[in-house]
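Undergrad: Next up, run_14.pdb (PDB, C-alpha atoms, pLDDT in the B column).
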MODEL        1
ATOM      1  CA  MET P  22      -1.731   8.654 -18.042  1.00 42.00           C
ATOM      2  CA  THR P  23       0.473   9.091 -21.114  1.00 44.00           C
ATOM      3  CA  ASP P  24       4.186   8.382 -21.194  1.00 51.00           C
ATOM      4  CA  LYS P  25       4.847  12.129 -21.498  1.00 53.00           C
ATOM      5  CA  ASN P  26       3.554  12.661 -17.960  1.00 76.00           C
ATOM      6  CA  ILE P  27       5.688   9.935 -16.383  1.00 82.00           C
ATOM      7  CA  HIS P  28       8.524  11.392 -14.328  1.00 85.00           C
ATOM      8  CA  PRO P  29      12.068  10.126 -15.009  1.00 89.00           C
ATOM      9  CA  ASP P  30      12.147   8.958 -11.368  1.00 89.00           C
ATOM     10  CA  GLN P  31       9.767   6.163 -12.458  1.00 91.00           C
ATOM     11  CA  LEU P  32      12.973   4.120 -12.501  1.00 93.00           C
ATOM     12  CA  TYR P  33      12.689   3.846  -8.689  1.00 93.00           C
ATOM     13  CA  ILE P  34       9.170   2.422  -8.935  1.00 92.00           C
ATOM     14  CA  ASP P  35      10.250   0.012 -11.681  1.00 93.00           C
ATOM     15  CA  GLY P  36      13.303  -0.974  -9.631  1.00 92.00           C
ATOM     16  CA  LEU P  37      11.107  -1.819  -6.637  1.00 92.00           C
ATOM     17  CA  LEU P  38       8.830  -3.909  -8.843  1.00 91.00           C
ATOM     18  CA  GLN P  39      11.788  -5.812 -10.292  1.00 92.00           C
ATOM     19  CA  ASN P  40      13.420  -6.208  -6.868  1.00 90.00           C
ATOM     20  CA  ASN P  41      16.505  -4.506  -8.331  1.00 92.00           C
ATOM     21  CA  SER P  42      18.965  -4.414  -5.433  1.00 91.00           C
ATOM     22  CA  SER P  43      21.009  -1.504  -6.825  1.00 93.00           C
ATOM     23  CA  ILE P  44      17.862   0.655  -7.206  1.00 92.00           C
ATOM     24  CA  ILE P  45      16.672  -0.304  -3.716  1.00 91.00           C
ATOM     25  CA  GLN P  46      20.108   0.519  -2.267  1.00 93.00           C
ATOM     26  CA  SER P  47      19.990   3.812  -4.142  1.00 92.00           C
ATOM     27  CA  ILE P  48      16.612   4.630  -2.565  1.00 92.00           C
ATOM     28  CA  TYR P  49      18.024   3.948   0.900  1.00 92.00           C
ATOM     29  CA  LYS P  50      21.185   5.936   0.196  1.00 94.00           C
ATOM     30  CA  LYS P  51      19.526   8.972  -1.441  1.00 93.00           C
ATOM     31  CA  PHE P  52      16.154   9.272   0.293  1.00 91.00           C
ATOM     32  CA  ALA P  53      16.247   7.457   3.652  1.00 92.00           C
ATOM     33  CA  PRO P  54      18.575   9.937   5.444  1.00 93.00           C
ATOM     34  CA  LYS P  55      16.084  12.776   4.949  1.00 92.00           C
ATOM     35  CA  VAL P  56      13.282  10.609   6.376  1.00 91.00           C
ATOM     36  CA  LYS P  57      15.415   9.438   9.317  1.00 92.00           C
ATOM     37  CA  ASN P  58      16.378  13.011  10.133  1.00 91.00           C
ATOM     38  CA  PHE P  59      12.759  14.130   9.963  1.00 89.00           C
ATOM     39  CA  ILE P  60      11.567  11.329  12.266  1.00 89.00           C
ATOM     40  CA  ARG P  61      14.419  11.892  14.756  1.00 90.00           C
ATOM     41  CA  THR P  62      13.538  15.596  14.810  1.00 88.00           C
ATOM     42  CA  ASN P  63       9.920  14.688  15.530  1.00 84.00           C
ATOM     43  CA  SER P  64      10.056  12.377  18.567  1.00 85.00           C
ATOM     44  CA  GLY P  65      11.293   9.240  16.808  1.00 88.00           C
ATOM     45  CA  ASP P  66      14.422   7.131  16.559  1.00 91.00           C
ATOM     46  CA  ASP P  67      16.312   5.308  13.817  1.00 90.00           C
ATOM     47  CA  ASP P  68      14.434   2.029  14.335  1.00 92.00           C
ATOM     48  CA  GLN P  69      11.074   3.753  14.002  1.00 91.00           C
ATOM     49  CA  ALA P  70      12.327   5.582  10.919  1.00 92.00           C
ATOM     50  CA  GLN P  71      13.467   2.297   9.400  1.00 93.00           C
ATOM     51  CA  ASP P  72      10.023   0.784  10.064  1.00 93.00           C
ATOM     52  CA  VAL P  73       8.292   3.736   8.396  1.00 92.00           C
ATOM     53  CA  ILE P  74      10.600   3.558   5.373  1.00 93.00           C
ATOM     54  CA  GLN P  75      10.012  -0.183   5.025  1.00 92.00           C
ATOM     55  CA  GLU P  76       6.225   0.145   5.327  1.00 91.00           C
ATOM     56  CA  VAL P  77       6.121   2.951   2.751  1.00 91.00           C
ATOM     57  CA  LEU P  78       8.272   1.011   0.286  1.00 92.00           C
ATOM     58  CA  ILE P  79       5.963  -1.988   0.663  1.00 90.00           C
ATOM     59  CA  THR P  80       2.941   0.238   0.074  1.00 88.00           C
ATOM     60  CA  ILE P  81       4.538   1.762  -3.037  1.00 90.00           C
ATOM     61  CA  TYR P  82       5.462  -1.703  -4.308  1.00 90.00           C
ATOM     62  CA  ASN P  83       1.935  -3.027  -3.728  1.00 86.00           C
ATOM     63  CA  GLN P  84       0.337  -0.065  -5.468  1.00 85.00           C
ATOM     64  CA  ALA P  85       2.737  -0.363  -8.407  1.00 86.00           C
ATOM     65  CA  LYS P  86       2.102  -4.094  -8.715  1.00 86.00           C
ATOM     66  CA  THR P  87      -1.671  -3.840  -8.330  1.00 83.00           C
ATOM     67  CA  ASN P  88      -2.456  -0.559 -10.072  1.00 80.00           C
ATOM     68  CA  GLY P  89       0.554   0.067 -12.299  1.00 84.00           C
ATOM     69  CA  LEU P  90       1.659   3.153 -10.357  1.00 82.00           C
ATOM     70  CA  GLN P  91       3.191   5.736 -12.688  1.00 86.00           C
ATOM     71  CA  LEU P  92       5.137   8.538 -11.055  1.00 83.00           C
ATOM     72  CA  SER P  93       4.194  12.050 -12.193  1.00 82.00           C
ATOM     73  CA  CYS P  94       6.439  13.861  -9.704  1.00 83.00           C
ATOM     74  CA  PRO P  95       9.925  13.448  -8.238  1.00 87.00           C
ATOM     75  CA  PHE P  96      10.309  10.241  -6.218  1.00 90.00           C
ATOM     76  CA  ASP P  97      12.001  12.149  -3.391  1.00 89.00           C
ATOM     77  CA  ALA P  98       8.996  14.389  -2.756  1.00 86.00           C
ATOM     78  CA  TYR P  99       6.487  11.541  -3.119  1.00 87.00           C
ATOM     79  CA  PHE P 100       8.425   9.157  -0.866  1.00 90.00           C
ATOM     80  CA  PHE P 101       9.161  11.790   1.769  1.00 90.00           C
ATOM     81  CA  LEU P 102       5.547  12.952   1.985  1.00 87.00           C
ATOM     82  CA  LEU P 103       4.322   9.358   2.348  1.00 88.00           C
ATOM     83  CA  CYS P 104       6.870   8.730   5.121  1.00 91.00           C
ATOM     84  CA  LYS P 105       6.013  12.020   6.805  1.00 89.00           C
ATOM     85  CA  ARG P 106       2.282  11.244   6.827  1.00 86.00           C
ATOM     86  CA  ARG P 107       2.893   7.673   8.002  1.00 87.00           C
ATOM     87  CA  TRP P 108       4.968   9.045  10.907  1.00 88.00           C
ATOM     88  CA  LEU P 109       2.310  11.628  11.744  1.00 84.00           C
ATOM     89  CA  ASN P 110      -0.272   8.828  11.907  1.00 81.00           C
ATOM     90  CA  GLU P 111       2.037   6.817  14.194  1.00 83.00           C
ATOM     91  CA  LEU P 112       2.483   9.789  16.517  1.00 82.00           C
ATOM     92  CA  LYS P 113      -1.274  10.360  16.640  1.00 79.00           C
ATOM     93  CA  LYS P 114      -1.839   6.705  17.551  1.00 76.00           C
ATOM     94  CA  LEU P 115       0.803   6.837  20.270  1.00 74.00           C
ATOM     95  CA  SER P 116      -0.296  10.100  21.841  1.00 70.00           C
ATOM     96  CA  ASN P 117      -4.009  10.140  21.016  1.00 60.00           C
ATOM     97  CA  LYS P 118      -3.863  13.903  20.513  1.00 51.00           C
ATOM     98  CA  GLU P 119      -3.030  16.523  17.888  1.00 48.00           C
ATOM     99  CA  VAL P 120       0.612  16.508  16.830  1.00 46.00           C
ATOM    100  CA  THR P 121       2.715  19.436  15.656  1.00 50.00           C
ATOM    101  CA  LEU P 122       5.626  18.572  13.400  1.00 50.00           C
ATOM    102  CA  GLN P 123       8.825  20.506  12.926  1.00 51.00           C
ATOM    103  CA  ASP P 124       9.283  20.846   9.190  1.00 51.00           C
ATOM    104  CA  ASP P 125      11.015  23.375   6.997  1.00 48.00           C
ATOM    105  CA  ASN P 126       9.386  22.076   3.822  1.00 49.00           C
ATOM    106  CA  VAL P 127       6.690  24.712   3.323  1.00 42.00           C
ATOM    107  CA  SER P 128       5.600  24.181  -0.265  1.00 46.00           C
ATOM    108  CA  ILE P 129       4.559  20.822  -1.653  1.00 55.00           C
ATOM    109  CA  ASP P 130       3.775  20.359  -5.324  1.00 60.00           C
ATOM    110  CA  GLU P 131       0.139  19.527  -6.091  1.00 64.00           C
ATOM    111  CA  SER P 132       1.036  16.413  -8.111  1.00 62.00           C
ATOM    112  CA  VAL P 133       3.047  15.100  -5.141  1.00 67.00           C
ATOM    113  CA  GLN P 134       0.072  15.617  -2.844  1.00 71.00           C
ATOM    114  CA  GLU P 135      -2.281  13.905  -5.310  1.00 69.00           C
ATOM    115  CA  MET P 136      -0.003  10.892  -5.777  1.00 68.00           C
ATOM    116  CA  THR P 137       0.512  10.639  -2.025  1.00 71.00           C
ATOM    117  CA  PHE P 138      -3.231  10.803  -1.427  1.00 73.00           C
ATOM    118  CA  GLN P 139      -3.863   8.057  -4.002  1.00 74.00           C
ATOM    119  CA  THR P 140      -1.228   5.841  -2.394  1.00 74.00           C
ATOM    120  CA  GLU P 141      -2.661   6.369   1.081  1.00 77.00           C
ATOM    121  CA  VAL P 142      -6.177   5.512  -0.132  1.00 75.00           C
ATOM    122  CA  PHE P 143      -4.789   2.428  -1.867  1.00 76.00           C
ATOM    123  CA  ASP P 144      -3.000   1.381   1.329  1.00 77.00           C
ATOM    124  CA  GLU P 145      -6.143   1.882   3.422  1.00 79.00           C
ATOM    125  CA  LYS P 146      -8.231  -0.163   0.969  1.00 80.00           C
ATOM    126  CA  GLN P 147      -5.622  -2.927   0.960  1.00 80.00           C
ATOM    127  CA  SER P 148      -5.528  -2.941   4.755  1.00 81.00           C
ATOM    128  CA  LEU P 149      -9.330  -3.142   4.949  1.00 82.00           C
ATOM    129  CA  PHE P 150      -9.411  -5.963   2.380  1.00 83.00           C
ATOM    130  CA  ASP P 151      -6.759  -7.913   4.315  1.00 85.00           C
ATOM    131  CA  GLU P 152      -8.594  -7.432   7.619  1.00 86.00           C
ATOM    132  CA  MET P 153     -11.939  -8.627   6.221  1.00 87.00           C
ATOM    133  CA  PHE P 154     -10.297 -11.481   4.303  1.00 86.00           C
ATOM    134  CA  GLN P 155      -8.938 -12.813   7.609  1.00 89.00           C
ATOM    135  CA  LYS P 156     -12.497 -12.884   8.977  1.00 90.00           C
ATOM    136  CA  LEU P 157     -13.671 -15.242   6.222  1.00 88.00           C
ATOM    137  CA  GLY P 158     -13.929 -18.937   6.937  1.00 89.00           C
ATOM    138  CA  GLU P 159     -11.000 -21.197   6.180  1.00 90.00           C
ATOM    139  CA  LYS P 160     -12.602 -22.742   3.054  1.00 89.00           C
ATOM    140  CA  CYS P 161     -13.458 -19.329   1.619  1.00 89.00           C
ATOM    141  CA  GLN P 162      -9.913 -18.115   2.191  1.00 88.00           C
ATOM    142  CA  GLU P 163      -8.515 -21.223   0.536  1.00 88.00           C
ATOM    143  CA  VAL P 164     -10.757 -20.948  -2.543  1.00 88.00           C
ATOM    144  CA  LEU P 165     -10.112 -17.228  -2.968  1.00 86.00           C
ATOM    145  CA  LYS P 166      -6.343 -17.502  -2.428  1.00 86.00           C
ATOM    146  CA  LEU P 167      -6.103 -20.228  -5.042  1.00 85.00           C
ATOM    147  CA  SER P 168      -8.268 -18.278  -7.481  1.00 84.00           C
ATOM    148  CA  PHE P 169      -5.969 -15.251  -7.077  1.00 80.00           C
ATOM    149  CA  VAL P 170      -2.895 -17.208  -8.159  1.00 78.00           C
ATOM    150  CA  THR P 171      -4.290 -19.959 -10.391  1.00 78.00           C
ATOM    151  CA  LYS P 172      -5.138 -19.250 -14.010  1.00 77.00           C
ATOM    152  CA  THR P 173      -8.393 -21.170 -14.317  1.00 85.00           C
ATOM    153  CA  MET P 174     -11.164 -22.318 -12.037  1.00 85.00           C
ATOM    154  CA  GLU P 175     -10.670 -25.837 -13.428  1.00 89.00           C
ATOM    155  CA  GLU P 176      -7.175 -25.809 -11.903  1.00 88.00           C
ATOM    156  CA  VAL P 177      -8.551 -24.529  -8.591  1.00 87.00           C
ATOM    157  CA  ALA P 178     -11.126 -27.346  -8.555  1.00 89.00           C
ATOM    158  CA  GLU P 179      -8.412 -29.886  -9.325  1.00 90.00           C
ATOM    159  CA  LYS P 180      -6.132 -28.593  -6.552  1.00 89.00           C
ATOM    160  CA  LEU P 181      -8.985 -28.699  -4.030  1.00 89.00           C
ATOM    161  CA  ASN P 182     -10.190 -32.062  -5.322  1.00 91.00           C
ATOM    162  CA  VAL P 183     -13.738 -30.776  -5.853  1.00 91.00           C
ATOM    163  CA  THR P 184     -15.934 -30.248  -8.911  1.00 91.00           C
ATOM    164  CA  TYR P 185     -15.677 -27.218 -11.156  1.00 88.00           C
ATOM    165  CA  GLY P 186     -19.309 -26.299 -10.384  1.00 90.00           C
ATOM    166  CA  TYR P 187     -18.678 -26.414  -6.641  1.00 90.00           C
ATOM    167  CA  VAL P 188     -15.603 -24.207  -6.794  1.00 88.00           C
ATOM    168  CA  ARG P 189     -17.335 -21.630  -9.024  1.00 88.00           C
ATOM    169  CA  LYS P 190     -20.315 -21.423  -6.675  1.00 91.00           C
ATOM    170  CA  LYS P 191     -18.075 -21.323  -3.579  1.00 90.00           C
ATOM    171  CA  LYS P 192     -15.916 -18.559  -5.072  1.00 87.00           C
ATOM    172  CA  SER P 193     -19.017 -16.544  -5.952  1.00 88.00           C
ATOM    173  CA  LEU P 194     -20.466 -16.936  -2.449  1.00 91.00           C
ATOM    174  CA  CYS P 195     -17.156 -16.122  -0.750  1.00 89.00           C
ATOM    175  CA  THR P 196     -16.561 -13.083  -2.955  1.00 86.00           C
ATOM    176  CA  GLY P 197     -20.068 -11.852  -2.145  1.00 88.00           C
ATOM    177  CA  GLN P 198     -19.504 -12.415   1.571  1.00 89.00           C
ATOM    178  CA  LEU P 199     -16.165 -10.585   1.480  1.00 86.00           C
ATOM    179  CA  THR P 200     -17.657  -7.682  -0.478  1.00 85.00           C
ATOM    180  CA  GLU P 201     -20.544  -7.367   1.959  1.00 87.00           C
ATOM    181  CA  MET P 202     -18.217  -7.453   4.975  1.00 86.00           C
ATOM    182  CA  ILE P 203     -16.068  -4.712   3.440  1.00 85.00           C
ATOM    183  CA  GLN P 204     -19.043  -2.531   2.526  1.00 84.00           C
ATOM    184  CA  GLN P 205     -20.589  -2.901   6.003  1.00 86.00           C
ATOM    185  CA  SER P 206     -17.364  -1.827   7.683  1.00 84.00           C
ATOM    186  CA  ASN P 207     -17.198   1.655   9.217  1.00 82.00           C
ATOM    187  CA  ARG P 208     -13.706   1.998   7.718  1.00 79.00           C
ATOM    188  CA  TYR P 209     -15.140   1.470   4.239  1.00 78.00           C
ATOM    189  CA  LYS P 210     -17.771   4.133   4.813  1.00 74.00           C
ATOM    190  CA  SER P 211     -15.116   6.625   5.929  1.00 73.00           C
ATOM    191  CA  LEU P 212     -12.741   5.978   3.010  1.00 68.00           C
ATOM    192  CA  LYS P 213     -12.283   8.919   0.680  1.00 52.00           C
ATOM    193  CA  TYR P 214     -12.340   8.156  -3.036  1.00 47.00           C
TER     194      TYR P 214
ENDMDL
END
Just dump the structure as C-alpha coordinates.
TA:
Amino acid sequence: MTDKNIHPDQLYIDGLLQNNSSIIQSIYKKFAPKVKNFIRTNSGDDDQAQDVIQEVLITIYNQAKTNGLQLSCPFDAYFFLLCKRRWLNELKKLSNKEVTLQDDNVSIDESVQEMTFQTEVFDEKQSLFDEMFQKLGEKCQEVLKLSFVTKTMEEVAEKLNVTYGYVRKKKSLCTGQLTEMIQQSNRYKSLKY
(Lines of atoms letter the chains of each structure in order from A and count residues from 1; the text may use other names and numbers.)
(Lines give C-alpha, C1' and ligand atoms only; values in the text may rest on other atoms or scores of the structure.)
Protein backbone atom coordinates (compact mmCIF):
# COMPACT_ATOMS: atom_id res chain seq x y z
CA MET A 1 0.00 0.00 0.00
CA THR A 2 1.43 3.41 -0.91
CA ASP A 3 1.55 6.37 1.44
CA LYS A 4 -1.11 8.10 -0.69
CA ASN A 5 -3.68 5.50 0.39
CA ILE A 6 -2.96 5.81 4.11
CA HIS A 7 -5.75 7.63 5.93
CA PRO A 8 -4.80 10.58 8.18
CA ASP A 9 -6.34 8.62 11.08
CA GLN A 10 -3.25 6.36 10.89
CA LEU A 11 -2.11 8.51 13.80
CA TYR A 12 -4.38 6.42 16.07
CA ILE A 13 -2.73 3.18 14.93
CA ASP A 14 0.74 4.71 15.36
CA GLY A 15 -0.26 6.05 18.78
CA LEU A 16 -1.33 2.57 19.90
CA LEU A 17 1.95 1.11 18.68
CA GLN A 18 3.95 3.75 20.55
CA ASN A 19 1.79 3.41 23.67
CA ASN A 20 1.11 7.16 23.40
CA SER A 21 -1.17 7.89 26.35
CA SER A 22 -2.67 11.06 24.83
CA ILE A 23 -3.63 9.19 21.63
CA ILE A 24 -5.07 6.30 23.64
CA GLN A 25 -7.06 8.73 25.80
CA SER A 26 -8.25 10.42 22.62
CA ILE A 27 -9.48 7.07 21.27
CA TYR A 28 -11.44 6.45 24.47
CA LYS A 29 -12.84 9.98 24.51
CA LYS A 30 -13.81 10.18 20.81
CA PHE A 31 -14.75 6.62 19.87
CA ALA A 32 -15.63 4.63 23.01
CA PRO A 33 -18.94 6.43 23.78
CA LYS A 34 -20.41 5.35 20.44
CA VAL A 35 -19.40 1.74 21.12
CA LYS A 36 -20.73 1.83 24.70
CA ASN A 37 -24.04 3.24 23.50
CA PHE A 38 -24.31 0.59 20.80
CA ILE A 39 -23.60 -2.26 23.25
CA ARG A 40 -26.02 -0.87 25.87
CA THR A 41 -28.69 -0.62 23.18
CA ASN A 42 -28.04 -4.24 22.24
CA SER A 43 -28.35 -6.19 25.52
CA GLY A 44 -25.01 -5.19 27.05
CA ASP A 45 -23.67 -3.02 29.85
CA ASP A 46 -20.75 -0.66 30.35
CA ASP A 47 -18.42 -3.38 31.66
CA GLN A 48 -19.07 -5.57 28.64
CA ALA A 49 -18.55 -2.57 26.37
CA GLN A 50 -15.25 -1.81 28.08
CA ASP A 51 -14.14 -5.43 27.58
CA VAL A 52 -15.02 -5.29 23.88
CA ILE A 53 -13.18 -1.99 23.43
CA GLN A 54 -10.10 -3.35 25.20
CA GLU A 55 -10.07 -6.58 23.17
CA VAL A 56 -10.44 -4.69 19.89
CA LEU A 57 -7.65 -2.27 20.76
CA ILE A 58 -5.38 -5.21 21.59
CA THR A 59 -6.27 -6.86 18.29
CA ILE A 60 -5.55 -3.65 16.37
CA TYR A 61 -2.26 -3.23 18.22
CA ASN A 62 -1.22 -6.83 17.51
CA GLN A 63 -2.08 -6.54 13.83
CA ALA A 64 -0.21 -3.23 13.55
CA LYS A 65 2.84 -4.65 15.31
CA THR A 66 2.86 -7.93 13.39
CA ASN A 67 1.67 -6.87 9.95
CA GLY A 68 2.30 -3.13 9.84
CA LEU A 69 -1.40 -2.26 9.68
CA GLN A 70 -1.97 0.83 7.54
CA LEU A 71 -5.37 2.47 7.82
CA SER A 72 -7.11 3.18 4.50
CA CYS A 73 -10.37 4.40 6.04
CA PRO A 74 -11.46 6.53 9.00
CA PHE A 75 -10.46 5.02 12.36
CA ASP A 76 -13.95 5.65 13.75
CA ALA A 77 -15.66 3.44 11.17
CA TYR A 78 -12.99 0.72 11.37
CA PHE A 79 -12.95 0.64 15.18
CA PHE A 80 -16.73 0.75 15.51
CA LEU A 81 -17.29 -2.06 13.02
CA LEU A 82 -14.71 -4.25 14.78
CA CYS A 83 -16.39 -3.58 18.14
CA LYS A 84 -19.83 -4.18 16.67
CA ARG A 85 -18.81 -7.54 15.19
CA ARG A 86 -17.01 -8.56 18.39
CA TRP A 87 -20.20 -7.80 20.36
CA LEU A 88 -22.34 -9.71 17.86
CA ASN A 89 -20.05 -12.73 18.31
CA GLU A 90 -20.35 -12.41 22.11
CA LEU A 91 -24.14 -12.30 21.89
CA LYS A 92 -24.18 -15.36 19.63
CA LYS A 93 -22.00 -17.27 22.10
CA LEU A 94 -24.22 -16.28 25.02
CA SER A 95 -27.54 -17.04 23.37
CA ASN A 96 -26.56 -19.76 20.90
CA LYS A 97 -29.04 -18.37 18.38
CA GLU A 98 -29.36 -15.72 15.67
CA VAL A 99 -29.10 -12.17 16.98
CA THR A 100 -30.76 -9.05 15.61
CA LEU A 101 -28.99 -5.79 16.35
CA GLN A 102 -30.51 -2.35 16.57
CA ASP A 103 -28.35 -0.12 14.41
CA ASP A 104 -29.00 3.06 12.48
CA ASN A 105 -25.74 2.81 10.55
CA VAL A 106 -27.03 1.51 7.22
CA SER A 107 -24.14 2.12 4.85
CA ILE A 108 -20.61 0.97 5.54
CA ASP A 109 -17.75 1.90 3.24
CA GLU A 110 -16.17 -1.02 1.38
CA SER A 111 -12.64 -0.18 2.57
CA VAL A 112 -13.88 -0.24 6.18
CA GLN A 113 -15.41 -3.67 5.65
CA GLU A 114 -12.22 -4.97 4.00
CA MET A 115 -9.96 -3.67 6.77
CA THR A 116 -12.31 -5.06 9.41
CA PHE A 117 -12.36 -8.44 7.68
CA GLN A 118 -8.55 -8.52 7.51
CA THR A 119 -8.29 -7.67 11.21
CA GLU A 120 -10.79 -10.35 12.17
CA VAL A 121 -8.92 -12.97 10.12
CA PHE A 122 -5.66 -11.84 11.72
CA ASP A 123 -7.22 -12.12 15.19
CA GLU A 124 -8.58 -15.60 14.46
CA LYS A 125 -5.19 -16.77 13.16
CA GLN A 126 -3.45 -15.34 16.22
CA SER A 127 -5.95 -17.04 18.52
CA LEU A 128 -5.46 -20.38 16.74
CA PHE A 129 -1.67 -20.02 16.91
CA ASP A 130 -1.82 -19.24 20.65
CA GLU A 131 -4.13 -22.19 21.33
CA MET A 132 -1.91 -24.67 19.47
CA PHE A 133 1.27 -23.18 20.95
CA GLN A 134 -0.09 -23.95 24.43
CA LYS A 135 -0.50 -27.60 23.40
CA LEU A 136 3.21 -27.95 22.60
CA GLY A 137 5.51 -29.52 25.14
CA GLU A 138 7.33 -27.33 27.63
CA LYS A 139 10.73 -27.64 25.88
CA CYS A 140 9.25 -26.75 22.50
CA GLN A 141 7.53 -23.70 23.97
CA GLU A 142 10.76 -22.61 25.63
CA VAL A 143 12.86 -22.98 22.46
CA LEU A 144 10.30 -21.21 20.28
CA LYS A 145 9.68 -18.37 22.76
CA LEU A 146 13.40 -17.70 23.01
CA SER A 147 13.83 -17.84 19.24
CA PHE A 148 11.03 -15.27 18.84
CA VAL A 149 12.81 -12.72 21.02
CA THR A 150 16.50 -13.60 20.65
CA LYS A 151 18.46 -12.43 17.64
CA THR A 152 20.49 -15.55 16.91
CA MET A 153 20.18 -19.26 17.49
CA GLU A 154 23.65 -19.16 19.09
CA GLU A 155 22.19 -16.93 21.81
CA VAL A 156 19.23 -19.28 22.26
CA ALA A 157 21.61 -22.24 22.64
CA GLU A 158 23.67 -20.30 25.17
CA LYS A 159 20.60 -19.32 27.22
CA LEU A 160 19.37 -22.93 27.26
CA ASN A 161 22.87 -24.26 27.92
CA VAL A 162 22.70 -26.64 24.95
CA THR A 163 24.60 -26.91 21.66
CA TYR A 164 23.80 -24.81 18.62
CA GLY A 165 23.05 -27.97 16.60
CA TYR A 166 20.59 -29.22 19.21
CA VAL A 167 18.68 -25.96 19.39
CA ARG A 168 18.45 -25.66 15.59
CA LYS A 169 17.12 -29.21 15.27
CA LYS A 170 14.73 -28.74 18.22
CA LYS A 171 13.39 -25.47 16.79
CA SER A 172 12.86 -27.11 13.40
CA LEU A 173 11.02 -30.07 14.94
CA CYS A 174 8.89 -27.86 17.19
CA THR A 175 8.02 -25.50 14.35
CA GLY A 176 7.00 -28.48 12.22
CA GLN A 177 4.90 -29.90 15.05
CA LEU A 178 3.19 -26.55 15.64
CA THR A 179 2.51 -26.09 11.92
CA GLU A 180 1.03 -29.56 11.64
CA MET A 181 -1.18 -29.04 14.70
CA ILE A 182 -2.47 -25.77 13.26
CA GLN A 183 -3.12 -27.24 9.81
CA GLN A 184 -4.94 -30.26 11.27
CA SER A 185 -7.25 -28.04 13.31
CA ASN A 186 -10.86 -27.66 12.17
CA ARG A 187 -10.56 -23.93 12.92
CA TYR A 188 -7.70 -23.66 10.44
CA LYS A 189 -9.73 -25.40 7.76
CA SER A 190 -12.64 -23.01 8.29
CA LEU A 191 -10.53 -19.83 8.22
CA LYS A 192 -11.23 -17.54 5.29
CA TYR A 193 -8.21 -16.06 3.54
Undergrad: Between CA of Leu37 in chain P and CA of Tyr82 in chain P, what is the spacing in Å?
TA: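 Going from CA of Tyr82 in chain P over to CA of Leu37 in chain P covers 6.1 Å.
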Undergrad: The PyMOL selection byres ((chain P and resi 30) around 12) on the file shown: which residues, as an MDAnalysis selection string?
TA: chainID P and resid 26:29 31:37 44 47:48 91:100
Undergrad: Have a look at CA of Ser148 in chain P and CA of Leu167 in chain P and let me know their distance in Å, one decimal.
TA: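 Computed distance, CA of Ser148 in chain P to CA of Leu167 in chain P, equals 19.9 Å.
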Undergrad: What does the distance between CA of Leu199 in chain P and CA of Gln155 in chain P come to in Å, to one decimal place?
TA: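 According to the coordinates, CA of Leu199 in chain P and CA of Gln155 in chain P are separated by 9.7 Å.
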Undergrad: Ile203 in chain P: which residues within 12 Å, counting all atoms listed in the file, same-chain residues fewer than 2 positions away excluded, as a PyMOL selection string?
TA: chain P and resi 145-157+196-201+205-212
Undergrad: Which of these, P:Gln46, P:Val73, P:Lys166, P:Ala53, has the shortest distance to Asn110 in chain P once you count all atoms listed in the file?
TA: P:Val73
Undergrad: Do you know which residues the PyMOL selection byres ((chain P and resi 59) around 12) returns on this file, as a ChimeraX atom specification?
TA: /P:52-58,60-67,69-71,73-74,101-102,104-109,122-126
Undergrad: Extract, using only C-alpha atoms, all DNA, RNA and protein residues at most 9 Å from Met174 in chain P, discarding same-chain residues fewer than 3 positions from it, and format them as a list in words.
TA: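 The residues that qualify are Leu167, Ser168, Thr171, Val177, Ala178, Glu179, Tyr185, Val188 and Arg189 of chain P.
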Undergrad: Show me, as AutoDock Vina command-line options, the centre and edge lengths in Å to one decimal of the axis-aligned box that covers every listed atom of range 80-93 of chain P with 3 Å on each side.
TA:
--center_x 1.5 --center_y 4.0 --center_z -6.3 --size_x 13.9 --size_y 22.1 --size_z 18.8
Undergrad: Report as a PyMOL selection string the full result of the PyMOL selection byres ((chain P and resi 87) around 12) when it is applied to this structure.
TA: chain P and resi 38+79-86+88-91+140+143-144+146-147
Undergrad: With distances taken over all atoms listed in the file, which residue among P:Cys161, P:Ile45, P:Val142, P:Leu112 lies nearest Lys192 in chain P?
TA: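 Closest residue, counting all atoms listed in the file: P:Cys161.
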